[in-house]
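Undergrad: Structure file upload_19.pdb (PDB, C-alpha atoms and all ligand atoms) right here:
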MODEL        1
ATOM      1  CA  MET Q   1     -17.481  11.276  29.446
ATOM      2  CA  PHE Q   2     -15.985  12.717  26.217
ATOM      3  CA  GLN Q   3     -14.582  15.605  28.281
ATOM      4  CA  ASP Q   4     -12.907  13.139  30.669
ATOM      5  CA  ILE Q   5     -11.434  11.248  27.723
ATOM      6  CA  TYR Q   6     -10.129  14.515  26.285
ATOM      7  CA  LYS Q   7      -8.580  15.504  29.608
ATOM      8  CA  LEU Q   8      -6.653  12.227  29.775
ATOM      9  CA  ILE Q   9      -5.450  12.618  26.194
ATOM     10  CA  GLU Q  10      -4.366  16.157  27.004
ATOM     11  CA  LYS Q  11      -2.503  14.982  30.092
ATOM     12  CA  TYR Q  12      -0.277  12.313  28.513
ATOM     13  CA  ASP Q  13       2.764  12.881  26.285
ATOM     14  CA  ASN Q  14       2.953   9.194  25.386
ATOM     15  CA  ILE Q  15      -0.148   7.540  23.991
ATOM     16  CA  CYS Q  16      -0.618   4.085  22.481
ATOM     17  CA  ILE Q  17      -3.741   3.217  20.496
ATOM     18  CA  ALA Q  18      -4.794  -0.389  19.953
ATOM     19  CA  ARG Q  19      -7.698  -2.337  18.435
ATOM     20  CA  HIS Q  20      -8.811  -5.933  18.061
ATOM     21  CA  ILE Q  21      -6.922  -8.789  16.445
ATOM     22  CA  GLY Q  22      -7.916  -9.485  12.863
ATOM     23  CA  VAL Q  23      -8.097  -5.807  11.985
ATOM     24  CA  ASP Q  24     -11.159  -4.683  10.030
ATOM     25  CA  PRO Q  25     -11.899  -1.294   8.472
ATOM     26  CA  ASP Q  26     -13.699   0.063  11.555
ATOM     27  CA  ALA Q  27     -10.871  -0.953  13.882
ATOM     28  CA  MET Q  28      -8.470   0.589  11.387
ATOM     29  CA  GLY Q  29     -10.480   3.749  10.687
ATOM     30  CA  SER Q  30     -11.223   4.526  14.340
ATOM     31  CA  THR Q  31      -7.630   4.124  15.533
ATOM     32  CA  VAL Q  32      -5.918   5.848  12.614
ATOM     33  CA  ALA Q  33      -8.383   8.752  12.754
ATOM     34  CA  LEU Q  34      -7.955   9.126  16.512
ATOM     35  CA  LYS Q  35      -4.163   9.079  16.211
ATOM     36  CA  ASN Q  36      -4.202  11.688  13.450
ATOM     37  CA  SER Q  37      -6.629  13.892  15.329
ATOM     38  CA  ILE Q  38      -4.518  13.792  18.510
ATOM     39  CA  LEU Q  39      -1.377  14.630  16.519
ATOM     40  CA  LEU Q  40      -3.139  17.419  14.641
ATOM     41  CA  THR Q  41      -4.264  18.905  17.955
ATOM     42  CA  PHE Q  42      -1.070  18.184  19.922
ATOM     43  CA  PRO Q  43       1.834  17.865  17.433
ATOM     44  CA  GLU Q  44       4.349  17.373  20.236
ATOM     45  CA  LYS Q  45       2.798  14.182  21.608
ATOM     46  CA  ARG Q  46       4.098  10.703  20.799
ATOM     47  CA  VAL Q  47       1.213   8.571  19.534
ATOM     48  CA  LYS Q  48       1.760   4.957  18.466
ATOM     49  CA  LEU Q  49      -0.606   2.491  16.827
ATOM     50  CA  LEU Q  50      -0.181  -0.996  18.250
ATOM     51  CA  GLY Q  51      -0.953  -4.319  16.603
ATOM     52  CA  THR Q  52      -0.195  -6.206  13.426
ATOM     53  CA  GLY Q  53      -0.410  -4.217  10.211
ATOM     54  CA  SER Q  54      -2.528  -5.154   7.251
ATOM     55  CA  ASN Q  55      -1.454  -5.008   3.617
ATOM     56  CA  ARG Q  56      -5.056  -4.879   2.520
ATOM     57  CA  PHE Q  57      -5.685  -1.709   4.486
ATOM     58  CA  ALA Q  58      -2.265  -0.137   4.011
ATOM     59  CA  TYR Q  59      -3.905   2.726   2.131
ATOM     60  CA  PHE Q  60      -5.495   3.883   5.368
ATOM     61  CA  GLY Q  61      -2.445   3.944   7.500
ATOM     62  CA  ARG Q  62       0.475   1.937   8.727
ATOM     63  CA  PHE Q  63       0.973   0.540  12.161
ATOM     64  CA  ASP Q  64       3.956   1.649  14.149
ATOM     65  CA  LYS Q  65       6.933  -0.487  14.966
ATOM     66  CA  GLN Q  66       6.554  -2.167  18.320
ATOM     67  CA  GLU Q  67       8.648  -0.412  20.877
ATOM     68  CA  GLU Q  68       8.998  -0.753  24.559
ATOM     69  CA  ILE Q  69       6.137   0.779  26.471
ATOM     70  CA  LEU Q  70       7.472   3.893  28.190
ATOM     71  CA  ASP Q  71       6.607   4.773  31.758
ATOM     72  CA  ASN Q  72       3.588   6.977  32.054
ATOM     73  CA  THR Q  73       1.796   5.956  28.888
ATOM     74  CA  LEU Q  74      -1.918   6.185  28.138
ATOM     75  CA  LEU Q  75      -3.516   3.287  26.287
ATOM     76  CA  ILE Q  76      -6.634   3.859  24.178
ATOM     77  CA  VAL Q  77      -8.364   0.742  22.858
ATOM     78  CA  CYS Q  78     -10.964   1.079  20.120
ATOM     79  CA  ASP Q  79     -13.571  -1.414  18.873
ATOM     80  CA  THR Q  80     -12.604  -4.178  21.348
ATOM     81  CA  PRO Q  81     -14.664  -5.437  24.319
ATOM     82  CA  ASP Q  82     -12.158  -7.819  25.954
ATOM     83  CA  ILE Q  83      -8.474  -7.799  26.858
ATOM     84  CA  ARG Q  84      -7.841 -11.157  25.196
ATOM     85  CA  ARG Q  85      -8.710  -9.707  21.789
ATOM     86  CA  ILE Q  86      -6.548  -6.570  21.987
ATOM     87  CA  ASP Q  87      -3.807  -6.784  19.364
ATOM     88  CA  GLY Q  88      -0.254  -5.818  20.284
ATOM     89  CA  VAL Q  89      -0.705  -5.411  24.047
ATOM     90  CA  GLU Q  90       1.105  -8.083  26.009
ATOM     91  CA  ASP Q  91       0.659  -6.631  29.464
ATOM     92  CA  ILE Q  92      -2.130  -4.148  29.936
ATOM     93  CA  THR Q  93      -0.951  -3.327  33.487
ATOM     94  CA  LYS Q  94       2.081  -1.527  32.007
ATOM     95  CA  PHE Q  95      -0.132   1.405  31.087
ATOM     96  CA  THR Q  96      -0.805   4.141  33.590
ATOM     97  CA  ASP Q  97      -4.301   4.886  32.321
ATOM     98  CA  ILE Q  98      -6.603   3.073  29.934
ATOM     99  CA  ILE Q  99      -9.489   4.325  27.813
ATOM    100  CA  LYS Q 100     -11.924   2.035  26.014
ATOM    101  CA  ILE Q 101     -13.994   3.290  23.075
ATOM    102  CA  ASP Q 102     -16.326   0.571  21.897
ATOM    103  CA  HIS Q 103     -19.701  -0.348  20.416
ATOM    104  CA  HIS Q 104     -19.717  -4.083  21.231
ATOM    105  CA  PRO Q 105     -21.738  -5.494  24.116
ATOM    106  CA  PHE Q 106     -19.809  -5.174  27.389
ATOM    107  CA  ILE Q 107     -17.586  -8.144  28.256
ATOM    108  CA  GLU Q 108     -15.078  -6.924  30.838
ATOM    109  CA  LYS Q 109     -13.505  -3.830  32.307
ATOM    110  CA  PHE Q 110      -9.884  -3.358  31.209
ATOM    111  CA  SER Q 111      -8.783  -2.252  34.691
ATOM    112  CA  ASP Q 112     -10.283  -1.020  37.941
ATOM    113  CA  ASN Q 113      -9.978   2.608  36.937
ATOM    114  CA  SER Q 114     -10.161   2.367  33.132
ATOM    115  CA  LEU Q 115     -12.365   4.988  31.501
ATOM    116  CA  GLU Q 116     -14.821   3.097  29.307
ATOM    117  CA  TYR Q 117     -17.114   4.690  26.767
ATOM    118  CA  ILE Q 118     -19.405   2.004  25.384
ATOM    119  CA  ASP Q 119     -22.280   2.877  23.086
ATOM    120  CA  LYS Q 120     -23.989  -0.220  21.746
ATOM    121  CA  ASP Q 121     -26.230   1.997  19.633
ATOM    122  CA  ALA Q 122     -23.311   3.510  17.763
ATOM    123  CA  SER Q 123     -22.849   2.046  14.301
ATOM    124  CA  SER Q 124     -19.127   1.718  14.751
ATOM    125  CA  ALA Q 125     -16.145   2.695  16.852
ATOM    126  CA  SER Q 126     -15.352   5.187  14.086
ATOM    127  CA  GLN Q 127     -18.675   6.930  14.746
ATOM    128  CA  ILE Q 128     -17.804   7.271  18.445
ATOM    129  CA  VAL Q 129     -14.390   8.726  17.578
ATOM    130  CA  LEU Q 130     -16.209  11.243  15.364
ATOM    131  CA  GLU Q 131     -18.547  12.148  18.243
ATOM    132  CA  LEU Q 132     -15.526  12.492  20.545
ATOM    133  CA  ILE Q 133     -13.782  14.846  18.117
ATOM    134  CA  LEU Q 134     -16.954  16.921  17.648
ATOM    135  CA  ALA Q 135     -17.554  17.211  21.404
ATOM    136  CA  THR Q 136     -14.010  18.240  22.379
ATOM    137  CA  PRO Q 137     -11.234  20.555  21.134
ATOM    138  CA  LEU Q 138      -9.763  17.630  19.127
ATOM    139  CA  LEU Q 139      -9.241  18.681  15.507
ATOM    140  CA  MET Q 140     -10.411  17.207  12.223
ATOM    141  CA  ASP Q 141      -9.190  17.467   8.647
ATOM    142  CA  ASN Q 142     -10.094  15.898   5.287
ATOM    143  CA  GLN Q 143      -7.958  12.842   5.857
ATOM    144  CA  ILE Q 144      -9.354  12.151   9.323
ATOM    145  CA  ALA Q 145     -12.909  12.642   8.024
ATOM    146  CA  GLU Q 146     -12.163  10.152   5.268
ATOM    147  CA  GLN Q 147     -10.870   7.538   7.710
ATOM    148  CA  ILE Q 148     -13.921   7.910   9.928
ATOM    149  CA  PHE Q 149     -16.285   7.729   6.972
ATOM    150  CA  TRP Q 150     -14.517   4.569   5.852
ATOM    151  CA  GLY Q 151     -14.952   2.849   9.214
ATOM    152  CA  ILE Q 152     -18.646   3.750   9.391
ATOM    153  CA  ILE Q 153     -19.300   2.625   5.804
ATOM    154  CA  SER Q 154     -17.712  -0.732   6.455
ATOM    155  CA  ASP Q 155     -19.387  -1.546   9.795
ATOM    156  CA  THR Q 156     -22.829  -0.538   8.463
ATOM    157  CA  ASN Q 157     -22.226  -2.176   5.080
ATOM    158  CA  ARG Q 158     -23.076   1.095   3.325
ATOM    159  CA  PHE Q 159     -25.912   1.817   5.794
ATOM    160  CA  MET Q 160     -27.647  -1.484   5.070
ATOM    161  CA  PHE Q 161     -27.306  -3.029   8.554
ATOM    162  CA  ASN Q 162     -29.759  -1.914  11.201
ATOM    163  CA  ASN Q 163     -26.960  -0.382  13.282
ATOM    164  CA  SER Q 164     -27.390   2.629  10.954
ATOM    165  CA  LYS Q 165     -29.526   4.980  12.991
ATOM    166  CA  SER Q 166     -30.694   8.454  12.049
ATOM    167  CA  LYS Q 167     -27.808   9.764  14.176
ATOM    168  CA  THR Q 168     -25.337   7.864  11.990
ATOM    169  CA  LEU Q 169     -26.778   9.426   8.850
ATOM    170  CA  TYR Q 170     -26.875  12.941  10.322
ATOM    171  CA  LEU Q 171     -23.260  12.646  11.460
ATOM    172  CA  VAL Q 172     -22.089  11.315   8.090
ATOM    173  CA  GLY Q 173     -24.102  13.934   6.190
ATOM    174  CA  ASP Q 174     -22.527  16.677   8.272
ATOM    175  CA  LEU Q 175     -19.071  15.173   7.699
ATOM    176  CA  MET Q 176     -19.611  15.139   3.930
ATOM    177  CA  ASP Q 177     -20.796  18.749   4.036
ATOM    178  CA  LYS Q 178     -17.730  20.000   5.840
ATOM    179  CA  TYR Q 179     -14.921  17.855   4.426
ATOM    180  CA  LYS Q 180     -13.949  16.815   0.945
ATOM    181  CA  PHE Q 181     -13.425  13.221   0.043
ATOM    182  CA  ASP Q 182     -13.823  11.134  -3.062
ATOM    183  CA  ILE Q 183     -16.280   8.301  -2.402
ATOM    184  CA  ASN Q 184     -15.164   6.225  -5.388
ATOM    185  CA  LYS Q 185     -11.588   6.370  -4.268
ATOM    186  CA  LEU Q 186     -12.657   5.241  -0.786
ATOM    187  CA  TYR Q 187     -14.882   2.406  -1.934
ATOM    188  CA  GLU Q 188     -12.215   0.853  -4.104
ATOM    189  CA  PRO Q 189      -9.963  -0.505  -1.339
ATOM    190  CA  LEU Q 190     -13.085  -1.671   0.531
ATOM    191  CA  TYR Q 191     -14.869  -3.472  -2.260
ATOM    192  CA  ALA Q 192     -12.383  -4.214  -5.056
ATOM    193  CA  ARG Q 193     -11.504  -7.904  -5.204
ATOM    194  CA  PRO Q 194      -9.750 -10.379  -7.433
ATOM    195  CA  LEU Q 195     -11.653 -12.019 -10.288
ATOM    196  CA  ALA Q 196     -10.648 -15.399  -8.802
ATOM    197  CA  GLU Q 197     -12.864 -14.692  -5.786
ATOM    198  CA  VAL Q 198     -15.806 -13.655  -7.939
ATOM    199  CA  ARG Q 199     -15.429 -16.897  -9.887
ATOM    200  CA  LEU Q 200     -15.358 -18.881  -6.640
ATOM    201  CA  GLU Q 201     -18.523 -17.050  -5.605
ATOM    202  CA  GLY Q 202     -20.118 -18.241  -8.847
ATOM    203  CA  TYR Q 203     -19.096 -21.787  -7.958
ATOM    204  CA  ILE Q 204     -20.654 -21.478  -4.490
ATOM    205  CA  ALA Q 205     -23.905 -20.044  -5.856
ATOM    206  CA  THR Q 206     -24.117 -22.840  -8.412
ATOM    207  CA  ASN Q 207     -23.302 -25.697  -6.061
ATOM    208  CA  MET Q 208     -24.812 -24.692  -2.719
ATOM    209  CA  THR Q 209     -27.337 -27.199  -1.364
ATOM    210  CA  VAL Q 210     -30.561 -25.580  -0.151
ATOM    211  CA  THR Q 211     -32.825 -27.536   2.186
ATOM    212  CA  GLU Q 212     -36.596 -27.229   2.204
ATOM    213  CA  ASN Q 213     -36.262 -25.438   5.552
ATOM    214  CA  GLY Q 214     -34.271 -22.568   4.066
ATOM    215  CA  VAL Q 215     -30.712 -23.566   4.952
ATOM    216  CA  GLY Q 216     -28.080 -23.217   2.266
ATOM    217  CA  TYR Q 217     -24.761 -24.940   2.779
ATOM    218  CA  ILE Q 218     -21.692 -25.886   0.833
ATOM    219  CA  LYS Q 219     -18.503 -27.774   1.614
ATOM    220  CA  ILE Q 220     -15.575 -26.240  -0.216
ATOM    221  CA  SER Q 221     -12.598 -28.559  -0.522
ATOM    222  CA  ASP Q 222      -8.978 -27.547  -0.742
ATOM    223  CA  GLN Q 223      -8.998 -28.882  -4.282
ATOM    224  CA  ILE Q 224     -11.734 -26.420  -5.271
ATOM    225  CA  LEU Q 225      -9.872 -23.553  -3.584
ATOM    226  CA  ASN Q 226      -6.805 -24.467  -5.616
ATOM    227  CA  GLU Q 227      -8.761 -24.800  -8.838
ATOM    228  CA  TYR Q 228     -10.132 -21.301  -8.317
ATOM    229  CA  LYS Q 229      -6.718 -19.996  -7.216
ATOM    230  CA  THR Q 230      -8.085 -18.765  -3.889
ATOM    231  CA  ASP Q 231      -7.436 -19.704  -0.279
ATOM    232  CA  ALA Q 232      -9.380 -20.788   2.806
ATOM    233  CA  ALA Q 233     -10.054 -17.156   3.792
ATOM    234  CA  ALA Q 234     -11.871 -16.334   0.539
ATOM    235  CA  PRO Q 235     -15.327 -17.889   1.190
ATOM    236  CA  GLY Q 236     -15.654 -16.056   4.528
ATOM    237  CA  ASN Q 237     -15.041 -12.752   2.728
ATOM    238  CA  MET Q 238     -17.986 -13.191   0.363
ATOM    239  CA  ILE Q 239     -20.537 -14.732   2.706
ATOM    240  CA  GLY Q 240     -22.342 -11.393   3.084
ATOM    241  CA  ASP Q 241     -23.171 -11.436  -0.622
ATOM    242  CA  PHE Q 242     -25.572 -14.329  -0.035
ATOM    243  CA  ASN Q 243     -27.968 -12.238   2.009
ATOM    244  CA  TYR Q 244     -31.533 -11.718   0.751
ATOM    245  CA  ILE Q 245     -31.845 -14.844  -1.351
ATOM    246  CA  ASP Q 246     -35.557 -15.781  -1.394
ATOM    247  CA  GLU Q 247     -35.057 -19.452  -0.545
ATOM    248  CA  VAL Q 248     -32.244 -19.032   1.994
ATOM    249  CA  TYR Q 249     -32.582 -17.882   5.616
ATOM    250  CA  VAL Q 250     -29.436 -19.434   7.061
ATOM    251  CA  TRP Q 251     -26.357 -20.063   4.986
ATOM    252  CA  ILE Q 252     -23.226 -21.974   5.890
ATOM    253  CA  PHE Q 253     -19.850 -22.106   4.156
ATOM    254  CA  ILE Q 254     -17.649 -25.018   5.225
ATOM    255  CA  THR Q 255     -14.143 -24.487   3.968
ATOM    256  CA  GLU Q 256     -11.342 -26.991   4.208
ATOM    257  CA  ASP Q 257      -8.265 -25.408   5.791
ATOM    258  CA  VAL Q 258      -5.420 -27.786   5.036
ATOM    259  CA  LYS Q 259      -2.847 -25.638   6.793
ATOM    260  CA  ASN Q 260      -4.678 -25.768  10.128
ATOM    261  CA  GLU Q 261      -6.086 -29.255   9.536
ATOM    262  CA  ASN Q 262      -9.662 -28.196  10.176
ATOM    263  CA  TYR Q 263     -12.740 -26.719   8.543
ATOM    264  CA  ARG Q 264     -13.588 -23.043   8.796
ATOM    265  CA  ILE Q 265     -17.302 -22.628   9.189
ATOM    266  CA  SER Q 266     -18.922 -19.261   8.426
ATOM    267  CA  ILE Q 267     -22.619 -18.899   9.114
ATOM    268  CA  ARG Q 268     -25.065 -16.069   8.494
ATOM    269  CA  SER Q 269     -28.764 -15.781   9.161
ATOM    270  CA  ARG Q 270     -31.522 -13.406   8.162
ATOM    271  CA  GLY Q 271     -34.015 -15.510  10.098
ATOM    272  CA  PRO Q 272     -33.367 -17.299  13.390
ATOM    273  CA  ILE Q 273     -30.823 -16.211  15.987
ATOM    274  CA  ILE Q 274     -27.995 -18.695  15.518
ATOM    275  CA  ASN Q 275     -25.243 -18.040  18.073
ATOM    276  CA  THR Q 276     -26.576 -20.288  20.861
ATOM    277  CA  THR Q 277     -26.695 -23.212  18.428
ATOM    278  CA  VAL Q 278     -23.203 -22.502  17.122
ATOM    279  CA  GLU Q 279     -21.839 -22.172  20.675
ATOM    280  CA  LYS Q 280     -22.705 -25.852  21.244
ATOM    281  CA  TYR Q 281     -20.003 -26.546  18.637
ATOM    282  CA  HIS Q 282     -17.409 -24.313  20.334
ATOM    283  CA  GLY Q 283     -18.010 -21.511  17.889
ATOM    284  CA  GLY Q 284     -19.727 -18.209  18.436
ATOM    285  CA  GLY Q 285     -20.277 -14.662  17.328
ATOM    286  CA  HIS Q 286     -23.202 -12.321  16.953
ATOM    287  CA  ASN Q 287     -26.915 -13.172  16.782
ATOM    288  CA  TYR Q 288     -26.929 -13.403  13.000
ATOM    289  CA  ALA Q 289     -23.258 -13.909  12.138
ATOM    290  CA  CYS Q 290     -21.206 -16.756  13.542
ATOM    291  CA  GLY Q 291     -18.147 -18.826  12.927
ATOM    292  CA  ALA Q 292     -16.599 -22.044  14.157
ATOM    293  CA  LYS Q 293     -13.624 -24.255  13.473
ATOM    294  CA  LEU Q 294     -14.302 -27.992  13.398
ATOM    295  CA  LYS Q 295     -12.218 -31.021  12.570
ATOM    296  CA  GLU Q 296     -14.803 -33.810  12.334
ATOM    297  CA  MET Q 297     -17.205 -33.992   9.400
ATOM    298  CA  ASN Q 298     -19.621 -35.683  11.776
ATOM    299  CA  ASP Q 299     -19.791 -32.549  13.966
ATOM    300  CA  ILE Q 300     -20.228 -30.413  10.871
ATOM    301  CA  ASP Q 301     -23.145 -32.517   9.675
ATOM    302  CA  ASN Q 302     -24.733 -32.295  13.124
ATOM    303  CA  LEU Q 303     -24.317 -28.522  13.133
ATOM    304  CA  ILE Q 304     -26.015 -28.284   9.727
ATOM    305  CA  LYS Q 305     -28.813 -30.515  11.041
ATOM    306  CA  ASP Q 306     -29.261 -28.378  14.176
ATOM    307  CA  LEU Q 307     -29.376 -25.185  12.133
ATOM    308  CA  ASP Q 308     -31.853 -26.796   9.760
ATOM    309  CA  ASP Q 309     -34.115 -27.712  12.705
ATOM    310  CA  LEU Q 310     -33.751 -24.173  14.028
ATOM    311  CA  CYS Q 311     -34.709 -22.702  10.676
ATOM    312  CA  LYS Q 312     -37.648 -25.072  10.350
ATOM    313  CA  LYS Q 313     -38.942 -23.896  13.730
ATOM    314  CA  TYR Q 314     -38.357 -20.267  12.759
ATOM    315  CA  LEU Q 315     -40.311 -20.589   9.520
ATOM    316  CA  LYS Q 316     -43.142 -22.382  11.269
ATOM    317  CA  GLU Q 317     -43.428 -19.615  13.871
ATOM    318  CA  LYS Q 318     -43.204 -16.988  11.186
ATOM    319  CA  ASP Q 319     -45.953 -18.697   9.242
ATOM    320  CA  GLY Q 320     -48.050 -18.894  12.414
ATOM    321  CA  ASP Q 321     -47.647 -15.143  12.930
ATOM    322  CA  LYS Q 322     -48.772 -14.496   9.396
ATOM    323  CA  ASN Q 323     -51.914 -16.612   9.808
ATOM    324  CA  GLU Q 324     -52.761 -14.915  13.086
ATOM    325  CA  ASN Q 325     -52.418 -11.492  11.536
ATOM    326  CA  SER Q 326     -54.480 -12.272   8.472
TER
HETATM  327 MN    MN K 401     -16.571  -2.120  14.861
ENDMDL
END
Starting from the file, lay out its structure as structure tokens.

TA:
Amino acid sequence: MFQDIYKLIEKYDNICIARHIGVDPDAMGSTVALKNSILLTFPEKRVKLLGTGSNRFAYFGRFDKQEEILDNTLLIVCDTPDIRRIDGVEDITKFTDIIKIDHHPFIEKFSDNSLEYIDKDASSASQIVLELILATPLLMDNQIAEQIFWGIISDTNRFMFNNSKSKTLYLVGDLMDKYKFDINKLYEPLYARPLAEVRLEGYIATNMTVTENGVGYIKISDQILNEYKTDAAAPGNMIGDFNYIDEVYVWIFITEDVKNENYRISIRSRGPIINTTVEKYHGGGHNYACGAKLKEMNDIDNLIKDLDDLCKKYLKEKDGDKNENS
């Protein structure tokens, strides 16, 4: 498959590379690295990155100005399972050929003849781009290695998530052997954050309600966000920091979003699978990481109640297992 992808890249003079809306470091790392590798290998090609830029990730590369899609253009989409979530592509049928490089569960084919490389076992789209470069004549340099490393680090949360397989570690080890990059310099744009957010995190830790069934939740009003000089996006950014708290298996941040007149709900679990419950409230996501947007406090309270019941059941089953094993 990598050879077929390479052949298509080789064939086209005009290439556009896209990724999902709401760019994250893996989407950024995989696309920027792929663009740079194609240009390093074929300096005469025109390669454009589609989608909205991100100030936060500007260090890792800028997105290109939107231009008209030329005839005979190849589209490569990284880190995105469905057409709806591709950023910067209005009409996918304008592209002559399409390649998908992804590690999410399959949702849909981009076109009848799109070439789709999906590896659910890969830690990240950046890892697949690395494998593609290693398996083909595509070239690599320090900067590209850095961008790939960055994407892998972010999607594995520094190899803490269980998407880090031995293959991931071998590939990253090999990358660090062959290319030079400064880890501290790379971690800074990923993990540096304003003191205001850390203070808000202190507020959440202090004021979160924890039920006897292991659900932690907090409603964060607009007034609190203002007091802490943060915005409605801030709590969602720090929710991962509440993992591995003894008393908490499911945790829920409910943040008032005055601008959109709703509440942003971010939910994580290190116990029960939560997405089916959250889907009942028109939200969704992964097994252990979900989100929803709700307007009515009544719905929010019901969601908390449902998750509490779920967690209660989970702990009971877990306890049962323990007794059986002992
Ligand atoms: Mn990803």

Undergrad: Apply the PyMOL selection byres (((chain Q and resi 247-253) around 6) and not hetatm) to the structure shown and report the selected residues as a list in words.

TA: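 That selection, the PyMOL selection byres (((chain Q and resi 247-253) around 6) and not hetatm), comes back as Gly214, Val215, Gly216, Tyr217, Ile218, Ile245, Asp246, Ile254, Ile265, Ser266, Ile267, Arg268, Ser269, Arg270 and Gly271 of chain Q.
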
Undergrad: Could you list, as a PDB file with C-alpha atoms, keeping the file's coordinate frame, all residues that come within 9 Å of ligand MN 401 (chain K)? Count only C-alpha atoms and all ligand atoms.

TA:
ATOM      1  CA  ASP Q  24     -11.159  -4.683  10.030  1.00  0.00           C
ATOM      2  CA  PRO Q  25     -11.899  -1.294   8.472  1.00  0.00           C
ATOM      3  CA  ASP Q  26     -13.699   0.063  11.555  1.00  0.00           C
ATOM      4  CA  ALA Q  27     -10.871  -0.953  13.882  1.00  0.00           C
ATOM      5  CA  SER Q  30     -11.223   4.526  14.340  1.00  0.00           C
ATOM      6  CA  CYS Q  78     -10.964   1.079  20.120  1.00  0.00           C
ATOM      7  CA  ASP Q  79     -13.571  -1.414  18.873  1.00  0.00           C
ATOM      8  CA  THR Q  80     -12.604  -4.178  21.348  1.00  0.00           C
ATOM      9  CA  ASP Q 102     -16.326   0.571  21.897  1.00  0.00           C
ATOM     10  CA  HIS Q 103     -19.701  -0.348  20.416  1.00  0.00           C
ATOM     11  CA  HIS Q 104     -19.717  -4.083  21.231  1.00  0.00           C
ATOM     12  CA  SER Q 123     -22.849   2.046  14.301  1.00  0.00           C
ATOM     13  CA  SER Q 124     -19.127   1.718  14.751  1.00  0.00           C
ATOM     14  CA  ALA Q 125     -16.145   2.695  16.852  1.00  0.00           C
ATOM     15  CA  SER Q 126     -15.352   5.187  14.086  1.00  0.00           C
ATOM     16  CA  GLY Q 151     -14.952   2.849   9.214  1.00  0.00           C
ATOM     17  CA  ILE Q 152     -18.646   3.750   9.391  1.00  0.00           C
ATOM     18  CA  SER Q 154     -17.712  -0.732   6.455  1.00  0.00           C
ATOM     19  CA  ASP Q 155     -19.387  -1.546   9.795  1.00  0.00           C
TER      20      ASP Q 155
END

Undergrad: Per residue of segment 26-81 of chain Q within 10 Å of segment 14-21 of chain Q, record the nearest atom pair and its distance in Å to one decimal, counting all atoms listed in the file, with rows in chain order and ascending residue number, as CSV.

TA:
residue,atom,partner,partner_atom,distance
Q:Asp26,CA,Q:Arg19,CA,9.4
Q:Ala27,CA,Q:Arg19,CA,5.7
Q:Met28,CA,Q:Arg19,CA,7.7
Q:Ser30,CA,Q:Arg19,CA,8.7
Q:Thr31,CA,Q:Ile17,CA,6.4
Q:Val32,CA,Q:Ile17,CA,8.6
Q:Leu34,CA,Q:Ile17,CA,8.3
Q:Lys35,CA,Q:Ile17,CA,7.3
Q:Ile38,CA,Q:Ile15,CA,9.4
Q:Glu44,CA,Q:Asn14,CA,9.8
Q:Lys45,CA,Q:Asn14,CA,6.3
Q:Arg46,CA,Q:Asn14,CA,5.0
Q:Val47,CA,Q:Ile15,CA,4.8
Q:Lys48,CA,Q:Cys16,CA,4.7
Q:Leu49,CA,Q:Ile17,CA,4.9
Q:Leu50,CA,Q:Ala18,CA,5.0
Q:Gly51,CA,Q:Ala18,CA,6.4
Q:Thr52,CA,Q:Ile21,CA,7.8
Q:Phe63,CA,Q:Ala18,CA,9.7
Q:Asp64,CA,Q:Cys16,CA,9.8
Q:Ile69,CA,Q:Cys16,CA,8.5
Q:Leu70,CA,Q:Asn14,CA,7.5
Q:Asp71,CA,Q:Asn14,CA,8.6
Q:Asn72,CA,Q:Asn14,CA,7.1
Q:Thr73,CA,Q:Asn14,CA,4.9
Q:Leu74,CA,Q:Ile15,CA,4.7
Q:Leu75,CA,Q:Cys16,CA,4.8
Q:Ile76,CA,Q:Ile17,CA,4.7
Q:Val77,CA,Q:Ala18,CA,4.7
Q:Cys78,CA,Q:Arg19,CA,5.0
Q:Asp79,CA,Q:Arg19,CA,6.0
Q:Thr80,CA,Q:His20,CA,5.3
Q:Pro81,CA,Q:His20,CA,8.6

Undergrad: Write the residues of the preceding selection, restricted to C-alpha atoms, as a short mmCIF file (atom, residue, chain, number, x, y, z; two decimals), in the frame of the given file.

TA:
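Contents of part33.cif, freshly written:
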data_model
loop_
_atom_site.label_atom_id
_atom_site.label_comp_id
_atom_site.auth_asym_id
_atom_site.auth_seq_id
_atom_site.Cartn_x
_atom_site.Cartn_y
_atom_site.Cartn_z
CA ASP Q 26 -13.70 0.06 11.56
CA ALA Q 27 -10.87 -0.95 13.88
CA MET Q 28 -8.47 0.59 11.39
CA SER Q 30 -11.22 4.53 14.34
CA THR Q 31 -7.63 4.12 15.53
CA VAL Q 32 -5.92 5.85 12.61
CA LEU Q 34 -7.96 9.13 16.51
CA LYS Q 35 -4.16 9.08 16.21
CA ILE Q 38 -4.52 13.79 18.51
CA GLU Q 44 4.35 17.37 20.24
CA LYS Q 45 2.80 14.18 21.61
CA ARG Q 46 4.10 10.70 20.80
CA VAL Q 47 1.21 8.57 19.53
CA LYS Q 48 1.76 4.96 18.47
CA LEU Q 49 -0.61 2.49 16.83
CA LEU Q 50 -0.18 -1.00 18.25
CA GLY Q 51 -0.95 -4.32 16.60
CA THR Q 52 -0.20 -6.21 13.43
CA PHE Q 63 0.97 0.54 12.16
CA ASP Q 64 3.96 1.65 14.15
CA ILE Q 69 6.14 0.78 26.47
CA LEU Q 70 7.47 3.89 28.19
CA ASP Q 71 6.61 4.77 31.76
CA ASN Q 72 3.59 6.98 32.05
CA THR Q 73 1.80 5.96 28.89
CA LEU Q 74 -1.92 6.18 28.14
CA LEU Q 75 -3.52 3.29 26.29
CA ILE Q 76 -6.63 3.86 24.18
CA VAL Q 77 -8.36 0.74 22.86
CA CYS Q 78 -10.96 1.08 20.12
CA ASP Q 79 -13.57 -1.41 18.87
CA THR Q 80 -12.60 -4.18 21.35
CA PRO Q 81 -14.66 -5.44 24.32
#
